[in-house]
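Source file: start13.txt. Holds: compact mmCIF, C-alpha atoms.
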```
# COMPACT_ATOMS: atom_id res chain seq x y z
CA MET A 263 42.74 79.56 106.51
CA PHE A 264 41.97 76.13 105.04
CA PHE A 265 38.80 74.11 105.77
CA GLY A 266 38.02 70.41 105.43
CA THR A 267 39.55 67.21 106.64
CA ARG A 268 43.13 66.93 107.85
CA ASN A 269 44.13 65.32 104.59
CA GLN A 270 42.52 68.17 102.71
CA GLU A 271 44.38 70.66 104.89
CA ARG A 272 47.61 68.88 104.11
CA GLN A 273 46.86 68.84 100.39
CA ASN A 274 45.85 72.50 100.45
CA LEU A 275 49.03 73.40 102.30
CA LEU A 276 51.19 71.59 99.79
CA ILE A 277 49.37 73.23 96.89
CA TYR A 278 49.77 76.64 98.56
CA LEU A 279 53.48 76.09 99.15
CA ILE A 280 54.06 74.93 95.57
CA ILE A 281 52.24 78.00 94.24
CA PHE A 282 54.32 80.14 96.58
CA ILE A 283 57.58 78.59 95.34
CA VAL A 284 56.61 78.93 91.67
CA ALA A 285 55.78 82.60 92.25
CA SER A 286 59.11 83.16 93.94
CA ASN A 287 60.82 81.42 91.04
CA MET A 288 59.17 83.86 88.64
CA LEU A 289 60.40 86.78 90.73
CA THR A 290 64.10 85.97 90.38
CA PRO A 291 65.14 89.63 89.82
CA VAL A 292 63.31 90.58 93.01
CA VAL A 293 64.53 87.68 95.13
CA GLY A 294 68.05 88.40 93.91
CA THR A 295 71.01 86.14 94.44
CA THR A 296 70.99 82.35 94.70
CA ASN A 297 71.89 82.63 98.39
CA ASN A 298 68.76 84.68 98.99
CA ARG A 299 66.63 82.13 97.15
CA ILE A 300 68.04 79.26 99.21
CA LEU A 301 67.42 81.29 102.37
CA LEU A 302 63.81 81.83 101.29
CA SER A 303 63.39 78.10 100.63
CA SER A 304 64.84 77.25 104.04
CA VAL A 305 62.42 79.63 105.76
CA VAL A 306 59.42 78.09 103.99
CA VAL A 307 60.50 74.51 104.73
CA GLY A 308 61.29 75.41 108.33
CA ALA A 309 57.93 77.11 108.81
CA THR A 310 56.15 74.08 107.39
CA LEU A 311 58.10 71.72 109.65
CA ALA A 312 57.28 73.89 112.68
CA ALA A 313 53.61 73.88 111.76
CA SER A 314 53.69 70.09 111.45
CA LEU A 315 55.46 69.58 114.79
CA SER A 316 53.01 71.91 116.52
CA GLY A 317 50.16 69.72 115.37
CA ARG A 318 48.50 72.35 113.22
CA PHE A 319 49.11 70.25 110.10
CA ASP A 320 49.63 66.52 109.93
CA LEU A 321 52.58 66.27 107.52
CA SER A 322 54.46 63.03 107.25
CA ALA A 323 58.17 62.68 106.67
CA ASN A 324 57.34 61.82 103.09
CA ASP A 325 55.36 65.06 102.70
CA LEU A 326 58.29 67.08 103.98
CA ALA A 327 60.65 65.21 101.65
CA VAL A 328 58.42 66.08 98.69
CA LEU A 329 58.32 69.73 99.74
CA THR A 330 62.10 69.89 100.18
CA THR A 331 62.64 68.27 96.75
CA VAL A 332 60.36 70.80 95.10
CA MET A 333 62.27 73.60 96.80
CA LEU A 334 65.63 72.29 95.59
CA VAL A 335 64.42 71.75 92.02
CA LEU A 336 63.01 75.25 91.72
CA ASN A 337 65.85 77.01 93.52
CA PHE A 338 68.89 74.97 92.51
CA PRO A 339 71.70 77.45 91.64
CA GLY A 340 72.26 76.03 88.16
CA GLN A 341 68.66 76.64 87.15
CA HIS A 342 68.82 80.43 87.25
CA ALA A 343 70.77 82.67 84.94
CA PRO A 344 72.27 85.70 86.70
CA ALA A 345 70.29 88.88 86.37
CA ALA A 346 71.35 90.86 83.34
CA THR A 347 73.52 93.85 84.17
CA THR A 348 74.60 96.73 82.02
CA PRO A 349 78.39 97.00 81.96
CA PRO A 350 79.74 100.43 82.88
CA PRO A 351 80.87 102.55 79.94
CA PRO A 352 84.61 102.35 79.21
CA THR A 353 86.65 104.93 81.03
CA LYS A 354 87.95 107.61 78.72
CA PRO A 355 91.64 108.44 79.14
CA LEU A 356 92.28 111.84 80.65
CA CYS A 357 95.25 112.43 78.38
CA ASP A 358 96.56 111.18 75.05
CA THR A 359 99.10 108.37 74.90
CA ASP A 360 102.48 109.27 76.48
CA TRP A 361 101.04 112.38 78.15
CA LYS A 362 100.81 112.46 81.95
CA ALA A 363 97.90 113.82 83.95
CA TYR A 364 98.16 116.21 86.89
CA ASN A 365 95.59 118.51 88.50
CA GLY A 366 93.31 118.81 85.47
CA HIS A 367 96.12 119.15 82.93
CA CYS A 368 98.22 116.90 80.68
CA TYR A 369 101.98 117.20 80.22
CA ILE A 370 104.66 115.78 77.97
CA ARG A 371 108.37 116.28 77.51
CA ASN A 372 109.59 116.48 73.92
CA ALA A 373 113.29 115.82 73.42
CA GLY A 374 113.50 118.30 70.51
CA PRO A 375 115.80 120.04 70.44
CA LEU A 376 114.10 123.20 69.17
CA SER A 377 114.37 126.94 69.70
CA PHE A 378 111.88 128.59 72.03
CA ALA A 379 109.75 129.83 69.13
CA ASP A 380 109.76 126.47 67.33
CA ALA A 381 109.04 124.61 70.56
CA SER A 382 106.03 126.87 71.18
CA ALA A 383 104.77 126.25 67.64
CA ASN A 384 105.23 122.50 68.09
CA CYS A 385 103.09 122.51 71.25
CA GLN A 386 100.41 124.59 69.52
CA HIS A 387 100.36 122.13 66.64
CA VAL A 388 99.08 119.42 69.00
CA GLY A 389 96.61 121.70 70.77
CA ALA A 390 98.89 122.53 73.69
CA TYR A 391 101.27 125.26 74.85
CA LEU A 392 104.67 125.55 76.49
CA VAL A 393 104.26 124.64 80.14
CA GLU A 394 103.20 127.29 82.66
CA ILE A 395 104.28 126.51 86.22
CA ASP A 396 102.14 128.27 88.81
CA THR A 397 102.99 126.54 92.09
CA ALA A 398 105.77 124.74 93.91
CA ASP A 399 103.65 121.56 93.89
CA GLU A 400 103.34 121.68 90.11
CA ASN A 401 107.08 122.34 89.78
CA ASN A 402 107.86 119.35 92.01
CA TRP A 403 105.46 117.09 90.10
CA ILE A 404 107.05 118.07 86.77
CA THR A 405 110.51 117.41 88.19
CA GLN A 406 109.56 113.95 89.48
CA ASN A 407 107.47 112.82 86.52
CA LEU A 408 108.98 114.48 83.46
CA LEU A 409 112.58 115.44 84.20
CA LYS A 410 114.21 113.16 86.77
CA ASP A 411 115.39 110.65 84.15
CA PHE A 412 117.26 113.28 82.14
CA SER A 413 120.09 114.15 84.50
CA CYS A 414 123.50 115.38 83.46
CA ALA A 415 126.72 116.53 85.17
CA ASP A 416 126.17 120.13 84.06
CA PRO A 417 122.52 121.18 84.46
CA TYR A 418 123.00 123.89 81.83
CA GLN A 419 123.38 121.13 79.26
CA CYS A 420 120.05 119.41 79.80
CA GLY A 421 117.35 121.99 80.36
CA SER A 422 113.84 122.02 78.86
CA TRP A 423 111.95 125.05 77.63
CA THR A 424 109.00 126.34 79.64
CA GLY A 425 106.69 129.09 78.41
CA GLY A 426 108.37 131.68 80.66
CA ASN A 427 110.00 134.72 79.03
CA ASP A 428 110.71 138.45 79.38
CA ILE A 429 110.90 139.14 75.64
CA ASP A 430 108.57 142.15 75.73
CA LYS A 431 109.95 143.84 78.84
CA GLU A 432 113.23 143.09 80.55
CA ASN A 433 112.89 141.38 83.95
CA THR A 434 109.10 141.25 83.61
CA PHE A 435 108.56 137.56 83.15
CA VAL A 436 105.28 136.23 81.79
CA TRP A 437 104.01 132.93 80.37
CA LYS A 438 103.89 132.92 76.59
CA SER A 439 100.46 131.36 76.07
CA SER A 440 98.44 133.19 78.74
CA ASN A 441 100.67 136.27 79.04
CA LYS A 442 100.17 136.06 82.81
CA PRO A 443 102.99 137.18 85.13
CA PHE A 444 104.83 134.64 87.25
CA THR A 445 103.17 133.80 90.57
CA PHE A 446 105.92 131.32 91.50
CA THR A 447 109.63 131.12 90.65
CA ASN A 448 112.40 128.64 91.32
CA TRP A 449 115.50 130.30 89.89
CA TYR A 450 118.83 128.49 89.91
CA GLY A 451 121.64 130.36 91.70
CA SER A 452 121.85 134.04 90.70
CA ASN A 453 119.41 133.71 87.82
CA PRO A 454 117.86 135.54 86.10
CA ASP A 455 121.11 137.21 85.09
CA ASP A 456 120.33 138.85 81.75
CA ASP A 457 121.64 142.17 83.06
CA GLN A 458 125.04 140.56 83.69
CA THR A 459 125.74 139.48 80.12
CA ALA A 460 125.70 140.88 76.63
CA GLU A 461 123.46 138.03 75.47
CA ASN A 462 119.69 138.31 75.40
CA LEU A 463 118.66 135.73 78.01
CA ASP A 464 114.94 136.19 77.51
CA CYS A 465 113.53 132.64 77.69
CA VAL A 466 113.20 130.32 80.67
CA GLU A 467 114.23 126.69 80.84
CA ILE A 468 113.84 124.23 83.71
CA PHE A 469 116.70 121.96 84.79
CA TYR A 470 116.22 118.29 85.62
CA LEU A 471 116.27 119.08 89.36
CA GLY A 472 113.46 121.62 88.96
CA SER A 473 115.37 124.90 89.12
CA TRP A 474 115.03 127.60 86.44
CA ASN A 475 117.43 129.44 84.19
CA ASP A 476 117.10 132.21 81.62
CA ARG A 477 118.95 131.69 78.32
CA PRO A 478 118.92 132.87 74.68
CA CYS A 479 115.62 131.99 73.01
CA VAL A 480 117.43 130.79 69.87
CA ASP A 481 119.15 127.98 71.74
CA LYS A 482 117.78 124.54 70.95
CA ARG A 483 116.44 122.61 73.90
CA ALA A 484 114.01 119.91 74.86
CA PHE A 485 110.63 121.38 75.81
CA LEU A 486 107.54 120.73 77.92
CA CYS A 487 104.01 121.00 76.53
CA GLU A 488 100.85 121.37 78.62
CA THR A 489 97.14 121.20 77.80
CA ASN A 490 93.81 120.72 79.57
CA GLN A 491 92.59 117.21 80.36
CA LYS A 492 89.83 115.77 78.21
CA ASN A 493 86.24 116.02 79.40
```
Mind turning this structure into structure tokens?
Amino acid sequence: MFFGTRNQERQNLLIYLIIFIVASNMLTPVVGTTNNRILLSSVVVGATLAASLSGRFDLSANDLAVLTTVMLVLNFPGQHAPAATTPPPPTKPLCDTDWKAYNGHCYIRNAGPLSFADASANCQHVGAYLVEIDTADENNWITQNLLKDFSCADPYQCGSWTGGNDIDKENTFVWKSSNKPFTFTNWYGSNPDDDQTAENLDCVEIFYLGSWNDRPCVDKRAFLCETNQKN
């Protein structure tokens, strides 16, 4: 509460308000955005005007003009630099260039053509392995994202090696890298049909429509590599 004459009260009020505005100006990070600062200024001016109209303080129109001017000078948007912010760290790619991400893994189709053994070695050379397809969803994703653009009239002419094979035991198919047995299959027609031919059809390719076929491992085909996504 202020004591003294009315003029002293008015002078004290103006001094108080100026101190208040300067303090708020120094607390820019706390006050926040320019809109918040303008809102604060409006509240202070409005409160002062209300006090004047109620008769508690005898402020002239000139006094209010001075107060408003001070508010605008101290809170004008161009006078305050935006609060410094730390930019977020750059997002690391989940997969290397040309590889495609799916469900925690990265995939790529290599046109080759290479034999099954050479295709496996090529994948290992880049820290990957011949693809292992565990679910229908994964098979569908591979078909739509890696194979659909490589169609041909005869699907047997445009297959891609997977890691599937029954090299060690006939009709017991496993994945080359993990040596795990198949939990999902999508054989084309009557395949696998190794027991119906004199050839050794021990390695599994995938056609562009997503179905599978067993064929000689020495045949040269395109191939699919798979690896884990980066941390």
Worksheet entry | Long-range neighbours of Tyr470 (chain A) as number ranges by chain, 9 Å cut-off, only C-alpha atoms, 2 positions minimum in chain | A: 405-406, 408-414, 417, 420-422, 468, 472-473
Fill in: Selected residue, from A:Val436, A:Leu463, A:Cys368, A:Ala383, that lies nearest to Leu356 (chain A) when counting all atoms listed in the file
A:Cys368
Fill in: Distance query Gly426 (chain A) at most 12 Å, only C-alpha atoms, self and fewer than 4 positions along chain excluded, as a ChimeraX atom specification
/A:378-379,382,391-396,422,430,433-449,454,463-468,474-477,479,485-486
Response to the item:
Expressed in Å, the length from CA of Pro478 (chain A) to CA of Ser377 (chain A) is 9.0 Å
Discussion item. I'd like the contact shell of region 357-360 of chain A - 12 Å cut-off, all atoms listed in the file, skipping same-chain residues fewer than 5 positions apart - returned as a list in words.
Written reply: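 Near neighbours after the sequence-gap exclusion: Asn365, Gly366, His367, Cys368, Tyr369, Ile370, Arg371, Asn372, Val388, Gly389, Ala390, Asn407, Leu408, Cys487, Glu488, Thr489, Asn490, Gln491, Lys492 and Asn493 of chain A.
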Worksheet item: What does the distance between CA of Asn401 (chain A) and CA of Leu471 (chain A) come to in Å, to one decimal place?
Response: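 Value for the CA of Asn401 (chain A)-CA of Leu471 (chain A) distance: 9.8 Å.
Distance-wise, CA of Val480 (chain A) and CA of Gln419 (chain A) end up 14.7 Å apart.
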Since the input lacks atoms, please generate N, CA, C and O atoms for region 471-493 of chain A and provide them as a PDB file, keeping the file's coordinate frame.
```pdb
ATOM      1  N   LEU A 471     116.550 119.073  87.927  1.00  0.00           N
ATOM      2  CA  LEU A 471     116.270 119.080  89.360  1.00  0.00           C
ATOM      3  C   LEU A 471     115.172 120.085  89.726  1.00  0.00           C
ATOM      4  O   LEU A 471     114.861 120.265  90.903  1.00  0.00           O
ATOM      5  N   GLY A 472     114.600 120.747  88.709  1.00  0.00           N
ATOM      6  CA  GLY A 472     113.460 121.620  88.960  1.00  0.00           C
ATOM      7  C   GLY A 472     113.767 123.097  89.078  1.00  0.00           C
ATOM      8  O   GLY A 472     112.848 123.908  89.213  1.00  0.00           O
ATOM      9  N   SER A 473     115.035 123.472  89.041  1.00  0.00           N
ATOM     10  CA  SER A 473     115.370 124.900  89.120  1.00  0.00           C
ATOM     11  C   SER A 473     115.331 125.529  87.725  1.00  0.00           C
ATOM     12  O   SER A 473     115.394 124.840  86.710  1.00  0.00           O
ATOM     13  N   TRP A 474     115.252 126.887  87.693  1.00  0.00           N
ATOM     14  CA  TRP A 474     115.030 127.600  86.440  1.00  0.00           C
ATOM     15  C   TRP A 474     116.257 128.419  86.034  1.00  0.00           C
ATOM     16  O   TRP A 474     117.052 128.838  86.870  1.00  0.00           O
ATOM     17  N   ASN A 475     116.330 128.654  84.749  1.00  0.00           N
ATOM     18  CA  ASN A 475     117.430 129.440  84.190  1.00  0.00           C
ATOM     19  C   ASN A 475     116.915 130.227  82.986  1.00  0.00           C
ATOM     20  O   ASN A 475     116.083 129.739  82.219  1.00  0.00           O
ATOM     21  N   ASP A 476     117.417 131.445  82.830  1.00  0.00           N
ATOM     22  CA  ASP A 476     117.100 132.210  81.620  1.00  0.00           C
ATOM     23  C   ASP A 476     118.254 132.062  80.630  1.00  0.00           C
ATOM     24  O   ASP A 476     119.423 132.105  81.004  1.00  0.00           O
ATOM     25  N   ARG A 477     117.922 131.900  79.340  1.00  0.00           N
ATOM     26  CA  ARG A 477     118.950 131.690  78.320  1.00  0.00           C
ATOM     27  C   ARG A 477     118.444 132.233  76.996  1.00  0.00           C
ATOM     28  O   ARG A 477     117.261 132.575  76.854  1.00  0.00           O
ATOM     29  N   PRO A 478     119.336 132.343  75.983  1.00  0.00           N
ATOM     30  CA  PRO A 478     118.920 132.870  74.680  1.00  0.00           C
ATOM     31  C   PRO A 478     117.795 132.031  74.067  1.00  0.00           C
ATOM     32  O   PRO A 478     117.851 130.795  74.065  1.00  0.00           O
ATOM     33  N   CYS A 479     116.785 132.687  73.549  1.00  0.00           N
ATOM     34  CA  CYS A 479     115.620 131.990  73.010  1.00  0.00           C
ATOM     35  C   CYS A 479     115.950 131.188  71.756  1.00  0.00           C
ATOM     36  O   CYS A 479     115.191 130.279  71.387  1.00  0.00           O
ATOM     37  N   VAL A 480     117.075 131.506  71.096  1.00  0.00           N
ATOM     38  CA  VAL A 480     117.430 130.790  69.870  1.00  0.00           C
ATOM     39  C   VAL A 480     118.097 129.451  70.157  1.00  0.00           C
ATOM     40  O   VAL A 480     118.241 128.610  69.251  1.00  0.00           O
ATOM     41  N   ASP A 481     118.514 129.249  71.397  1.00  0.00           N
ATOM     42  CA  ASP A 481     119.150 127.980  71.740  1.00  0.00           C
ATOM     43  C   ASP A 481     118.137 126.838  71.546  1.00  0.00           C
ATOM     44  O   ASP A 481     116.935 127.010  71.744  1.00  0.00           O
ATOM     45  N   LYS A 482     118.660 125.693  71.190  1.00  0.00           N
ATOM     46  CA  LYS A 482     117.780 124.540  70.950  1.00  0.00           C
ATOM     47  C   LYS A 482     117.782 123.625  72.165  1.00  0.00           C
ATOM     48  O   LYS A 482     118.830 123.161  72.608  1.00  0.00           O
ATOM     49  N   ARG A 483     116.592 123.391  72.686  1.00  0.00           N
ATOM     50  CA  ARG A 483     116.440 122.610  73.900  1.00  0.00           C
ATOM     51  C   ARG A 483     115.283 121.615  73.760  1.00  0.00           C
ATOM     52  O   ARG A 483     114.451 121.707  72.850  1.00  0.00           O
ATOM     53  N   ALA A 484     115.244 120.682  74.692  1.00  0.00           N
ATOM     54  CA  ALA A 484     114.010 119.910  74.860  1.00  0.00           C
ATOM     55  C   ALA A 484     112.939 120.881  75.355  1.00  0.00           C
ATOM     56  O   ALA A 484     113.236 122.031  75.720  1.00  0.00           O
ATOM     57  N   PHE A 485     111.679 120.446  75.375  1.00  0.00           N
ATOM     58  CA  PHE A 485     110.630 121.380  75.810  1.00  0.00           C
ATOM     59  C   PHE A 485     109.451 120.606  76.405  1.00  0.00           C
ATOM     60  O   PHE A 485     109.241 119.426  76.118  1.00  0.00           O
ATOM     61  N   LEU A 486     108.685 121.307  77.236  1.00  0.00           N
ATOM     62  CA  LEU A 486     107.540 120.730  77.920  1.00  0.00           C
ATOM     63  C   LEU A 486     106.247 121.363  77.399  1.00  0.00           C
ATOM     64  O   LEU A 486     106.126 122.594  77.394  1.00  0.00           O
ATOM     65  N   CYS A 487     105.305 120.522  76.976  1.00  0.00           N
ATOM     66  CA  CYS A 487     104.010 121.000  76.530  1.00  0.00           C
ATOM     67  C   CYS A 487     102.950 120.684  77.591  1.00  0.00           C
ATOM     68  O   CYS A 487     103.055 119.698  78.315  1.00  0.00           O
ATOM     69  N   GLU A 488     101.938 121.525  77.656  1.00  0.00           N
ATOM     70  CA  GLU A 488     100.850 121.370  78.620  1.00  0.00           C
ATOM     71  C   GLU A 488      99.514 121.641  77.907  1.00  0.00           C
ATOM     72  O   GLU A 488      99.442 122.489  77.013  1.00  0.00           O
ATOM     73  N   THR A 489      98.479 120.938  78.311  1.00  0.00           N
ATOM     74  CA  THR A 489      97.140 121.200  77.800  1.00  0.00           C
ATOM     75  C   THR A 489      96.120 120.763  78.838  1.00  0.00           C
ATOM     76  O   THR A 489      96.476 120.115  79.838  1.00  0.00           O
ATOM     77  N   ASN A 490      94.863 121.110  78.637  1.00  0.00           N
ATOM     78  CA  ASN A 490      93.810 120.720  79.570  1.00  0.00           C
ATOM     79  C   ASN A 490      93.456 119.251  79.370  1.00  0.00           C
ATOM     80  O   ASN A 490      93.542 118.723  78.256  1.00  0.00           O
ATOM     81  N   GLN A 491      93.056 118.596  80.463  1.00  0.00           N
ATOM     82  CA  GLN A 491      92.590 117.210  80.360  1.00  0.00           C
ATOM     83  C   GLN A 491      91.311 117.162  79.556  1.00  0.00           C
ATOM     84  O   GLN A 491      90.552 118.129  79.457  1.00  0.00           O
ATOM     85  N   LYS A 492      91.049 115.978  78.986  1.00  0.00           N
ATOM     86  CA  LYS A 492      89.830 115.770  78.210  1.00  0.00           C
ATOM     87  C   LYS A 492      88.623 115.693  79.139  1.00  0.00           C
ATOM     88  O   LYS A 492      88.727 115.247  80.274  1.00  0.00           O
ATOM     89  N   ASN A 493      87.484 116.115  78.642  1.00  0.00           N
ATOM     90  CA  ASN A 493      86.240 116.020  79.400  1.00  0.00           C
ATOM     91  C   ASN A 493      85.703 114.597  79.366  1.00  0.00           C
ATOM     92  O   ASN A 493      85.887 113.899  78.399  1.00  0.00           O
TER      93      ASN A 493
END
```
